[in-house]
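Q: I'd like to ask some things about the structure below.
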Amino acid sequence: MQKNAHPHRDCNGKIAVVHNGIIENYQELKKELEKDDCGFKSQTDSEVIPNLISKFYKGDLKKALIKAMKRLKGSYALGVISSDEPERLLVARSDSPLIIGLGKGENFIASDVPAILKHTKKVIYLENKQLAVIKKDRVNVFDLKGKEVSPKIDTISYDVEAAKKFGFKDFMLKEIYEQPRVVSKILSQWMSLEGNIRVRDLDLNKDFLKEIEQIVIVACGTAFHAGLVGKYIFESLVRLPVWVDFASEFRYRKPIIKKNTLLIAISQSGETADTLAAVQEAKKSKIKVISVCNVLGSSLIRESDINLNTYAGPEISVASTKAYTAQLMTLYLLALYLARLKQNLNEDKLKKAISSLEKVARGQKKILARSRDIKRIARRHLHFGAFLYLGRGINFPNALEGALKLKELSYIPAEGYAAGEMKHGPIALIDEYRAVVCIANDSPVYDKMLSNIQEGLARKGKIIAIASEGNEEIKNYVKEAIFIPKIEPLFSPLFAIIPLQLLAYYIACLKGYDVDKPRNLAKSVTVE
Ligand code: AGP
């Protein structure tokens with residue numbers, strides 16, 4: 001394994017490289033370099049990089065790096081040093097994120113901000129196909145032609161504290177408990193003192209936004225589930241057709257995109273390769289892009305026309321929780337803004353919607369206060385070999401998200417399903433060995449959900465119900481119920497998701513797993 005560890009050196013042992021990403025044409029390059037008697041020690045794609053730089057090195061590392069960049073295909077964030085130029089560290093990027101931290105008499109490189117935050121808050125987000133020459137007291141940035149460019153220097157708004165656990169056992173629990181504060185912060189950022197929705201980036205684009213006729217949402221993973229909730233939100237409030245797609249599918253399907261389409265790209269990190277590629281694909285149709293993103297300076301923000309920051313603060317745990325509810329809040333407020341703009345929502349309905357959103361923080365706190373009950377339910381269902389999550393309407397995506405949380409944290413097979421689909425196959429799965437989580441809050445589809453619960457019980461399924469406070473009826477059917485505060489059904493996903501996050505968290509903890517760093521997963525999937 002050691003021989004595959006970074007840094008990798010060229011065969012003369014003079015140039016060393018660390019690499020994050022995937023070199024897609026490394027086989028071809030490796031063959032070419034082997035013809036020059038270059039012996040490889042590892043099985044990695046990364047090892048071609050120092051050898052390619054070495055091939056072009058004629059005493060100037062920057063020139064050699066530029067030549068190598070022109071040959072490399074795929075994604076990379078590179079750190080490069082040479083024994084011939086010990087005072088210089090060179091970096092370069094293509095798709096994989098890379099930041100430069102500017103210190104006093106020292107400089108830093110990393111993939112993401114939390115890694116360097118204790119040293120400095122001043123960062124340069126290197127742009128795609130750029131490189132930089134870093135010395136301890138200066139940083140020069142260049143484009144692929146070798147022309148110097150003056151980089152934007154950002155100052156990180158949050159401090160080391162925000163990236164700490166604050167006495168919580170792990171980041172995930174801290175981030176679950178941060179959600180009420182995050183939703184309040186988002187409201188305060190969007191609402192003017194007079195109670196109107198005020199977002200500068202949207203106000204500057206009113207004319208364009210008034211003309212949109214359909215919305216396309218692209219994202220991956222949890223962000224995709226937020227996008228699915230977004231479909232219900234926009235179609236209900238803005239009355240426009242919405243199409244939600246996995247970014248990884250959208251990017252290759254040669255999608256038909258009509259003019260007057262708005263693309264919304266949702267991403268916590270702003271560095272997810274598939275989401276960035278989907279945005280590139282959409283921009284070929286010359287449509288405008290709104291990003292719903294949690295990391296300022298990220299690639300997605302730079303690729304978008306309008307940026308909606310989700311203000312969740314750094315989300316360290318691989319499993320996304322507060323970023324998800326922050327994405328939902330942002331989508332609700334964007335939908336209300338667009339509905340007002342298109343005159344689909346009168347003043348009274350807007351005020352009602354805003355007052356529902358103003359209840360969310362308090363309601364989430366009430367659910368969090370029930371975490372011990374949820375932990376007890378987790379303990380009683382620890383041994384189940386498989387879970388089914390069922391939801392309807394705007395809470396169907398939450399069934400998918402609850403299942404994703406459980407499988408990515410506890411490695412238990414879990415499937416989310418639209419409850420109405422049960423008779424079309426999945427009901428065959430239910431028996432006494434399967435736990436069935438049913439999102440059955442008060443809503444126009446509550447009775448349908450109750451029927452699903454009865455069908456599950458008839459097949460000896462172990463039901464865990466998420467129900468609204470005051471629902472005494474459901475206690476006649478299920479032993480395990482987690483109650484959430486009553487709220488207008490349209491906004492209920494902001495409550496229903498909290499018990500699902502906690503259930504997954506406690507099951508994984510009780511199984512002894514590392515909830516912040518689940519196996520095989522990365523916080524940001526910057527390669528395909
Ligand atoms: C969610 O818990 C996972 N960490 C993963 O599905 C994640 O949501 C997905 O990779 C998208 O990441 P992004 O929001 O940074 O684009």
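Residue numbering restarts at 1 for every chain of the structure tokens, chains are lettered A, B, ... in their displayed order, and ligands are numbered from 1 as they appear.
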At a cut-off of 10 Å and counting only C-alpha atoms and all ligand atoms, what residues surround ligand 1? Please answer as a PyMOL selection string.
A: chain A and resi 218-226+247+265-276+292-295+300+315-321+323-324+327+401-402+404-409+501+517-518+521-526
Q: Emit the selected residues as a compact mmCIF listing (two decimals), in the first residue's frame, including C-alpha atoms.
A:
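To be explicit, this is the file written out as part_19.txt:
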```
# COMPACT_ATOMS: atom_id res chain seq x y z
CA VAL A 218 -29.98 19.09 -10.91
CA ALA A 219 -28.10 17.67 -7.92
CA CYS A 220 -26.70 14.51 -6.35
CA GLY A 221 -27.44 12.51 -3.21
CA THR A 222 -29.06 14.46 -0.41
CA ALA A 223 -29.08 17.61 -2.51
CA PHE A 224 -31.06 15.68 -5.13
CA HIS A 225 -33.64 14.80 -2.47
CA ALA A 226 -33.87 18.49 -1.60
CA ALA A 247 -26.82 15.48 -12.25
CA ALA A 265 -28.14 23.47 -9.18
CA ILE A 266 -28.11 22.36 -5.54
CA SER A 267 -24.87 21.42 -3.85
CA GLN A 268 -23.58 21.75 -0.28
CA SER A 269 -19.91 21.74 -1.34
CA GLY A 270 -20.25 23.37 -4.74
CA GLU A 271 -17.54 20.97 -5.95
CA THR A 272 -19.52 17.84 -6.91
CA ALA A 273 -18.16 16.81 -10.30
CA ASP A 274 -21.47 15.58 -11.73
CA THR A 275 -23.35 18.70 -10.65
CA LEU A 276 -20.69 20.98 -12.13
CA VAL A 292 -28.17 26.81 -3.99
CA CYS A 293 -24.82 26.28 -2.33
CA ASN A 294 -23.15 26.35 1.08
CA VAL A 295 -19.55 27.18 0.18
CA LEU A 300 -20.45 25.97 -8.60
CA GLU A 315 -20.79 21.02 7.34
CA ILE A 316 -18.00 18.67 8.38
CA SER A 317 -19.81 15.34 8.78
CA VAL A 318 -19.95 13.37 5.54
CA ALA A 319 -23.65 12.76 6.09
CA SER A 320 -25.47 15.92 5.11
CA THR A 321 -28.09 17.13 7.61
CA ALA A 323 -27.24 21.57 4.65
CA TYR A 324 -30.35 19.62 3.57
CA GLN A 327 -31.44 23.84 1.01
CA GLU A 401 -33.42 10.94 2.32
CA GLY A 402 -34.17 8.99 5.52
CA LEU A 404 -29.96 7.37 2.45
CA LYS A 405 -28.99 8.56 5.94
CA LEU A 406 -29.44 5.06 7.37
CA LYS A 407 -27.56 3.21 4.63
CA GLU A 408 -24.62 5.64 4.40
CA LEU A 409 -24.12 5.63 8.19
CA GLN A 501 -31.70 11.99 10.77
CA LYS A 517 -16.50 9.45 8.40
CA PRO A 518 -18.57 6.50 7.10
CA LEU A 521 -17.55 7.92 1.39
CA ALA A 522 -16.11 11.41 0.87
CA LYS A 523 -17.69 14.69 1.92
CA SER A 524 -17.45 16.04 -1.57
CA VAL A 525 -17.40 13.77 -4.64
CA THR A 526 -15.11 15.87 -6.81
```
Q: Enumerate, as a ChimeraX atom specification, the complete set of residues in region 242-383 of chain A that a backbone-based DSSP assignment places in alpha helix (DSSP H).
A: /A:247-250,273-283,299-303,322-341,347-368,371-380
Q: Can you list every residue of region 120-231 of chain A that has an atom at most 12 Å from region 482-499 of chain A, with its nearest atom pair and the distance in Å to one decimal, using only C-alpha atoms, ordered by chain then number, as a tab-separated table?
A:
```
residue	atom	partner	partner_atom	distance
A:Leu173	CA	A:Ile498	CA	11.3
A:Glu175	CA	A:Ile498	CA	11.3
A:Ile176	CA	A:Ile498	CA	7.7
A:Tyr177	CA	A:Ile498	CA	9.4
A:Glu178	CA	A:Ile498	CA	11.4
A:Gln179	CA	A:Ile498	CA	9.0
A:Pro180	CA	A:Leu494	CA	10.0
A:Val182	CA	A:Leu494	CA	11.9
A:Val183	CA	A:Leu494	CA	9.4
A:Thr222	CA	A:Ile497	CA	11.6
A:His225	CA	A:Pro493	CA	11.0
A:Ala226	CA	A:Pro493	CA	9.7
A:Leu228	CA	A:Pro493	CA	11.3
A:Val229	CA	A:Pro493	CA	7.9
A:Gly230	CA	A:Leu490	CA	10.6
A:Lys231	CA	A:Leu490	CA	11.5
```
Q: Can you write out the residues you just picked, keeping N, CA, C and O atoms, as a short mmCIF file (atom, residue, chain, number, x, y, z; two decimals), in the first residue's frame?
A:
```cif
data_model
loop_
_atom_site.label_atom_id
_atom_site.label_comp_id
_atom_site.auth_asym_id
_atom_site.auth_seq_id
_atom_site.Cartn_x
_atom_site.Cartn_y
_atom_site.Cartn_z
N LEU A 173 -23.89 15.07 15.10
CA LEU A 173 -24.91 15.44 16.10
C LEU A 173 -24.96 16.95 16.27
O LEU A 173 -26.03 17.56 16.33
N GLU A 175 -24.30 19.13 14.03
CA GLU A 175 -24.93 19.74 12.84
C GLU A 175 -26.44 19.48 12.81
O GLU A 175 -27.21 20.32 12.37
N ILE A 176 -26.87 18.34 13.35
CA ILE A 176 -28.32 18.10 13.48
C ILE A 176 -28.93 19.13 14.42
O ILE A 176 -29.98 19.71 14.14
N TYR A 177 -28.23 19.40 15.52
CA TYR A 177 -28.76 20.35 16.52
C TYR A 177 -28.62 21.80 16.08
O TYR A 177 -29.25 22.68 16.66
N GLU A 178 -27.81 22.07 15.09
CA GLU A 178 -27.65 23.43 14.59
C GLU A 178 -28.82 23.86 13.71
O GLU A 178 -28.97 25.04 13.39
N GLN A 179 -29.64 22.92 13.28
CA GLN A 179 -30.64 23.23 12.26
C GLN A 179 -31.60 24.35 12.65
O GLN A 179 -31.88 25.23 11.82
N PRO A 180 -32.10 24.41 13.87
CA PRO A 180 -32.99 25.54 14.21
C PRO A 180 -32.30 26.89 14.04
O PRO A 180 -32.88 27.83 13.50
N VAL A 182 -29.81 27.52 12.02
CA VAL A 182 -29.57 27.74 10.59
C VAL A 182 -30.83 28.25 9.90
O VAL A 182 -30.81 29.22 9.14
N VAL A 183 -31.98 27.62 10.18
CA VAL A 183 -33.21 28.06 9.51
C VAL A 183 -33.56 29.49 9.92
O VAL A 183 -34.02 30.29 9.10
N THR A 222 -28.12 13.72 -1.26
CA THR A 222 -29.06 14.46 -0.41
C THR A 222 -29.56 15.72 -1.10
O THR A 222 -30.74 16.06 -1.01
N HIS A 225 -32.38 14.96 -3.21
CA HIS A 225 -33.64 14.80 -2.47
C HIS A 225 -34.24 16.16 -2.14
O HIS A 225 -35.46 16.37 -2.22
N ALA A 226 -33.38 17.12 -1.82
CA ALA A 226 -33.87 18.49 -1.60
C ALA A 226 -34.51 19.02 -2.87
O ALA A 226 -35.57 19.66 -2.85
N LEU A 228 -36.00 17.26 -5.14
CA LEU A 228 -37.31 16.61 -5.31
C LEU A 228 -38.37 17.31 -4.45
O LEU A 228 -39.50 17.54 -4.90
N VAL A 229 -37.99 17.69 -3.23
CA VAL A 229 -38.94 18.46 -2.40
C VAL A 229 -39.23 19.78 -3.11
O VAL A 229 -40.37 20.24 -3.18
N GLY A 230 -38.18 20.34 -3.70
CA GLY A 230 -38.33 21.60 -4.45
C GLY A 230 -39.38 21.51 -5.53
O GLY A 230 -40.16 22.45 -5.77
N LYS A 231 -39.47 20.35 -6.18
CA LYS A 231 -40.48 20.17 -7.25
C LYS A 231 -41.87 20.42 -6.68
O LYS A 231 -42.67 21.17 -7.24
#
```
Q: Taking the DSSP assignment computed from this structure's backbone, write out as a VMD selection string all residues of region 214-375 of chain A that belong to strand (DSSP E or B).
A: chain A and resid 214 to 219 242 to 246 261 to 267 288 to 293 306 to 309
Q: If you count only C-alpha atoms, which residues fall within 12 Å of Tyr158 (chain A), apart from same-chain ones fewer than 4 positions away, as a PyMOL selection string?
A: chain A and resi 113-114+117-118+120-122+154+162-164+295-296+311-315
Q: Can you pull out the residues contacting region 204-213 of chain A? Cut-off 9 Å, using only C-alpha atoms, and skip same-chain residues under 2 positions away; I want them as number ranges by chain.
A: A: 199-202, 215, 240-241, 258-262, 288, 306, 338, 341-342
Q: Would you list the contacts of region 106-108 of chain A as a PyMOL selection string, taking every protein, DNA or RNA residue within 7 Å and counting only C-alpha atoms, but skipping same-chain residues closer than 6 positions in sequence?
A: chain A and resi 100+116+136-137
Q: In Å to one decimal, how far is CA of Asp442 (chain A) from CA of Ile367 (chain A)?
A: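 Spanning CA of Ile367 (chain A) to CA of Asp442 (chain A) is a straight-line distance of 15.9 Å.
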Q: Leaving out Phe384 (chain A) and any residue of its chain fewer than 2 positions from it, which residues lie within 7 Å of it when counting only C-alpha atoms, given as a list in words?
A: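 The contact residues come out as His381, Leu382, Ala386, Tyr433, Arg434 and Ala435 of chain A.
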Q: Restrict the selected residues to all heavy atoms and save them as a compact mmCIF listing (two decimals), in the first residue's frame.
A:
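Ended up saving to part_33.txt:
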```
# COMPACT_ATOMS: atom_id res chain seq x y z
N HIS A 381 -34.51 -1.28 17.23
CA HIS A 381 -34.56 -1.67 15.82
C HIS A 381 -33.17 -1.86 15.22
O HIS A 381 -33.00 -1.98 14.02
CB HIS A 381 -35.35 -0.64 14.99
CG HIS A 381 -36.78 -0.60 15.37
ND1 HIS A 381 -37.23 0.03 16.51
CD2 HIS A 381 -37.87 -1.19 14.81
CE1 HIS A 381 -38.54 -0.13 16.62
NE2 HIS A 381 -38.95 -0.86 15.61
N LEU A 382 -32.20 -1.94 16.13
CA LEU A 382 -30.80 -2.05 15.74
C LEU A 382 -30.52 -3.30 14.91
O LEU A 382 -29.72 -3.32 14.00
CB LEU A 382 -30.01 -2.18 17.06
CG LEU A 382 -28.60 -1.71 17.14
CD1 LEU A 382 -28.46 -0.31 16.62
CD2 LEU A 382 -28.17 -1.77 18.61
N ALA A 386 -32.96 -4.97 7.35
CA ALA A 386 -33.33 -4.12 6.21
C ALA A 386 -34.45 -3.18 6.64
O ALA A 386 -35.26 -3.54 7.52
CB ALA A 386 -33.79 -4.97 5.03
N TYR A 433 -39.11 -9.37 9.62
CA TYR A 433 -37.68 -9.03 9.72
C TYR A 433 -37.39 -7.65 9.14
O TYR A 433 -36.24 -7.25 9.02
CB TYR A 433 -36.85 -10.09 8.98
CG TYR A 433 -37.15 -11.49 9.46
CD1 TYR A 433 -37.87 -12.37 8.66
CD2 TYR A 433 -36.81 -11.88 10.76
CE1 TYR A 433 -38.21 -13.63 9.13
CE2 TYR A 433 -37.13 -13.13 11.24
CZ TYR A 433 -37.84 -14.02 10.42
OH TYR A 433 -38.18 -15.26 10.88
N ARG A 434 -38.46 -6.96 8.71
CA ARG A 434 -38.19 -5.67 8.06
C ARG A 434 -38.84 -4.54 8.86
O ARG A 434 -40.02 -4.62 9.20
CB ARG A 434 -38.74 -5.66 6.65
CG ARG A 434 -38.38 -4.39 5.89
CD ARG A 434 -38.75 -4.51 4.45
NE ARG A 434 -38.04 -5.59 3.82
CZ ARG A 434 -36.94 -5.44 3.10
NH1 ARG A 434 -36.41 -4.25 2.96
NH2 ARG A 434 -36.37 -6.46 2.51
N ALA A 435 -38.04 -3.51 9.12
CA ALA A 435 -38.60 -2.32 9.78
C ALA A 435 -39.12 -1.39 8.68
O ALA A 435 -38.48 -1.22 7.66
CB ALA A 435 -37.51 -1.63 10.59
```
